[in-house]
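> Sharing my_file.cif here; it has mmCIF, C-alpha atoms.
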```cif
data_my_file
#
loop_
_atom_site.label_atom_id
_atom_site.label_comp_id
_atom_site.auth_asym_id
_atom_site.auth_seq_id
_atom_site.Cartn_x
_atom_site.Cartn_y
_atom_site.Cartn_z
CA MET A 335 161.52 239.63 73.18
CA ASP A 336 164.35 240.05 70.67
CA GLN A 337 166.60 237.98 72.93
CA ILE A 338 164.08 235.17 73.13
CA GLU A 339 163.75 235.12 69.36
CA ARG A 340 167.55 234.83 69.04
CA ILE A 341 167.55 231.89 71.48
CA ARG A 342 164.71 230.20 69.61
CA LYS A 343 166.62 230.56 66.36
CA ARG A 344 169.65 229.07 68.10
CA GLN A 345 167.53 226.12 69.22
CA LEU A 346 166.28 225.57 65.68
CA GLN A 347 169.79 225.79 64.24
CA PHE A 348 171.00 223.34 66.87
CA ALA A 349 168.14 220.88 66.22
CA LEU A 350 168.65 220.99 62.47
CA GLY A 351 172.43 220.85 62.85
CA VAL A 352 172.10 217.59 64.78
CA GLY A 353 169.02 216.08 63.14
CA VAL A 354 169.86 216.47 59.48
CA PRO A 355 173.36 214.89 59.67
CA TYR A 356 172.04 212.10 61.92
CA PHE A 357 169.26 211.16 59.50
CA ALA A 358 171.72 211.39 56.59
CA PHE A 359 174.01 209.01 58.50
CA VAL A 360 171.20 206.53 59.16
CA ILE A 361 169.99 206.66 55.56
CA GLY A 362 173.61 206.28 54.41
CA ILE A 363 174.01 203.11 56.48
CA PHE A 364 170.85 201.61 54.99
CA LEU A 365 171.96 202.62 51.48
CA LEU A 366 175.36 201.03 52.06
CA VAL A 367 173.73 197.80 53.18
CA TYR A 368 171.32 197.90 50.24
CA LEU A 369 173.82 198.82 47.53
CA ALA A 370 176.72 196.73 48.84
CA GLY A 371 174.63 193.97 50.37
CA ALA A 372 176.70 191.05 49.08
CA TRP A 373 179.91 192.63 50.35
CA ALA A 374 178.40 193.56 53.73
CA ALA A 375 176.98 190.06 54.14
CA GLY A 376 180.39 188.57 53.37
CA VAL A 377 182.23 190.46 56.10
CA SER A 378 181.83 188.82 59.50
CA ILE A 379 182.55 190.34 62.94
CA LEU A 380 182.23 188.01 65.94
CA GLY A 381 180.11 185.65 63.87
CA PHE A 382 177.63 188.32 62.73
CA PRO A 383 177.57 189.71 59.19
CA LEU A 384 178.60 193.37 58.88
CA HIS A 385 175.12 194.46 57.81
CA TYR A 386 173.72 193.15 61.14
CA TRP A 387 176.29 195.22 63.01
CA LEU A 388 175.55 198.36 61.02
CA VAL A 389 171.75 198.20 61.00
CA ALA A 390 170.84 196.33 64.17
CA ILE A 391 173.66 196.76 66.66
CA ALA A 392 175.87 199.81 66.01
CA ILE A 393 173.07 202.29 65.37
CA TYR A 394 171.56 202.05 68.87
CA PRO A 395 174.57 203.15 70.97
CA ILE A 396 175.19 205.96 68.47
CA THR A 397 171.55 207.05 68.72
CA TRP A 398 171.50 206.92 72.53
CA GLY A 399 174.80 208.78 72.86
CA LEU A 400 173.60 211.51 70.50
CA PHE A 401 170.24 211.65 72.29
CA ILE A 402 171.83 212.09 75.73
CA TRP A 403 174.18 214.81 74.45
CA TYR A 404 171.35 216.58 72.55
CA VAL A 405 168.95 216.63 75.51
CA GLY A 406 171.63 218.06 77.81
CA LYS A 407 172.45 220.82 75.35
CA ALA A 408 168.76 221.56 74.65
CA ASN A 409 168.07 221.81 78.39
CA ARG A 410 170.88 224.35 78.76
CA ILE A 411 169.35 226.42 75.95
CA GLU A 412 165.93 226.24 77.66
CA ASP A 413 167.51 227.34 80.94
CA GLU A 414 168.85 230.35 79.07
CA ILE A 415 165.32 231.13 77.88
CA ALA A 416 163.98 230.90 81.44
CA GLU A 417 166.71 233.25 82.70
CA THR A 418 165.95 235.70 79.89
CA VAL A 419 162.19 235.67 80.58
CA GLU A 420 162.75 236.12 84.33
CA GLY A 421 165.13 239.01 83.66
CA GLU A 422 162.55 240.99 81.67
#
```
Rewrite the coordinates I just gave you, this time as structure tokens.

Amino acid sequence: MDQIERIRKRQLQFALGVGVPYFAFVIGIFLLVYLAGAWAAGVSILGFPLHYWLVAIAIYPITWGLFIWYVGKANRIEDEIAETVEGE
């Protein structure tokens, strides 16, 4: 059981290690757009203002990439748990 508890703590550390910086990044983007709104609206990329790119376009590929990586890593940790339980 001690091994399982160590793996669970590892899962929690992993989840917090990914989740907290991600949410800080998302909140940071919204704060940037809010605090520097005039500047972000003035910068144009392919005809779209920068704040559109940051809030509506760029965040989705970043989220999906992080999600795919996180799920793969979490599944490997769960496989470790299953191997540990079967070994006991």
> Please, what distance in Å, to one decimal, runs between atom CA of Val360 of chain A and atom CA of Pro395 of chain A?
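Here the two named atoms are 12.7 Å from each other.
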> Would you compute the distance between atom CA of Ile361 of chain A and atom CA of Tyr394 of chain A? Give it in Å to one decimal.
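Going from atom CA of Ile361 of chain A over to atom CA of Tyr394 of chain A covers 14.2 Å.
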> Between A:Ile393, A:Val377, A:Tyr386, A:Asp413, which residue has the minimum interatomic distance to Gly362 of chain A, considering all atoms listed in the file?
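When distances to Gly362 of chain A are compared using all atoms listed in the file, the smallest one comes from A:Ile393.
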> Separation of atom CA of Trp403 of chain A and atom CA of Ile415 of chain A, in Å?
18.9 Å
> The PyMOL selection byres ((chain A and resi 336) around 12) - which residues does that actually catch in the file I just gave you? List them as a list of chain:residue names.
A:Met335, A:Gln337, A:Ile338, A:Glu339, A:Arg340, A:Ile341, A:Arg342, A:Lys343, A:Ile415, A:Thr418, A:Val419, A:Glu422
> Can you spit out the residues from that selection as a PDB file, keeping the file's coordinate frame, using C-alpha atoms?

```pdb
ATOM      1  CA  MET A 335     161.520 239.630  73.180  1.00  0.00           C
ATOM      2  CA  GLN A 337     166.600 237.980  72.930  1.00  0.00           C
ATOM      3  CA  ILE A 338     164.080 235.170  73.130  1.00  0.00           C
ATOM      4  CA  GLU A 339     163.750 235.120  69.360  1.00  0.00           C
ATOM      5  CA  ARG A 340     167.550 234.830  69.040  1.00  0.00           C
ATOM      6  CA  ILE A 341     167.550 231.890  71.480  1.00  0.00           C
ATOM      7  CA  ARG A 342     164.710 230.200  69.610  1.00  0.00           C
ATOM      8  CA  LYS A 343     166.620 230.560  66.360  1.00  0.00           C
ATOM      9  CA  ILE A 415     165.320 231.130  77.880  1.00  0.00           C
ATOM     10  CA  THR A 418     165.950 235.700  79.890  1.00  0.00           C
ATOM     11  CA  VAL A 419     162.190 235.670  80.580  1.00  0.00           C
ATOM     12  CA  GLU A 422     162.550 240.990  81.670  1.00  0.00           C
TER      13      GLU A 422
END
```
> Counting all atoms listed in the file, which residue out of A:Val352, A:Val367, A:Leu388, A:Ala375 sits closest to Tyr404 of chain A?
A:Val352
> Excluding Gly371 of chain A and any residue of its chain fewer than 5 positions from it, enumerate the residues within 10 Å of it, using only C-alpha atoms, and give them as a PyMOL selection string.
chain A and resi 364-366+376+384-385
> So which residues get picked by the PyMOL selection byres ((chain A and resi 349) around 12) here, written as a ChimeraX atom specification?
/A:342-348,350-357,400-401,403-405,407-408,411
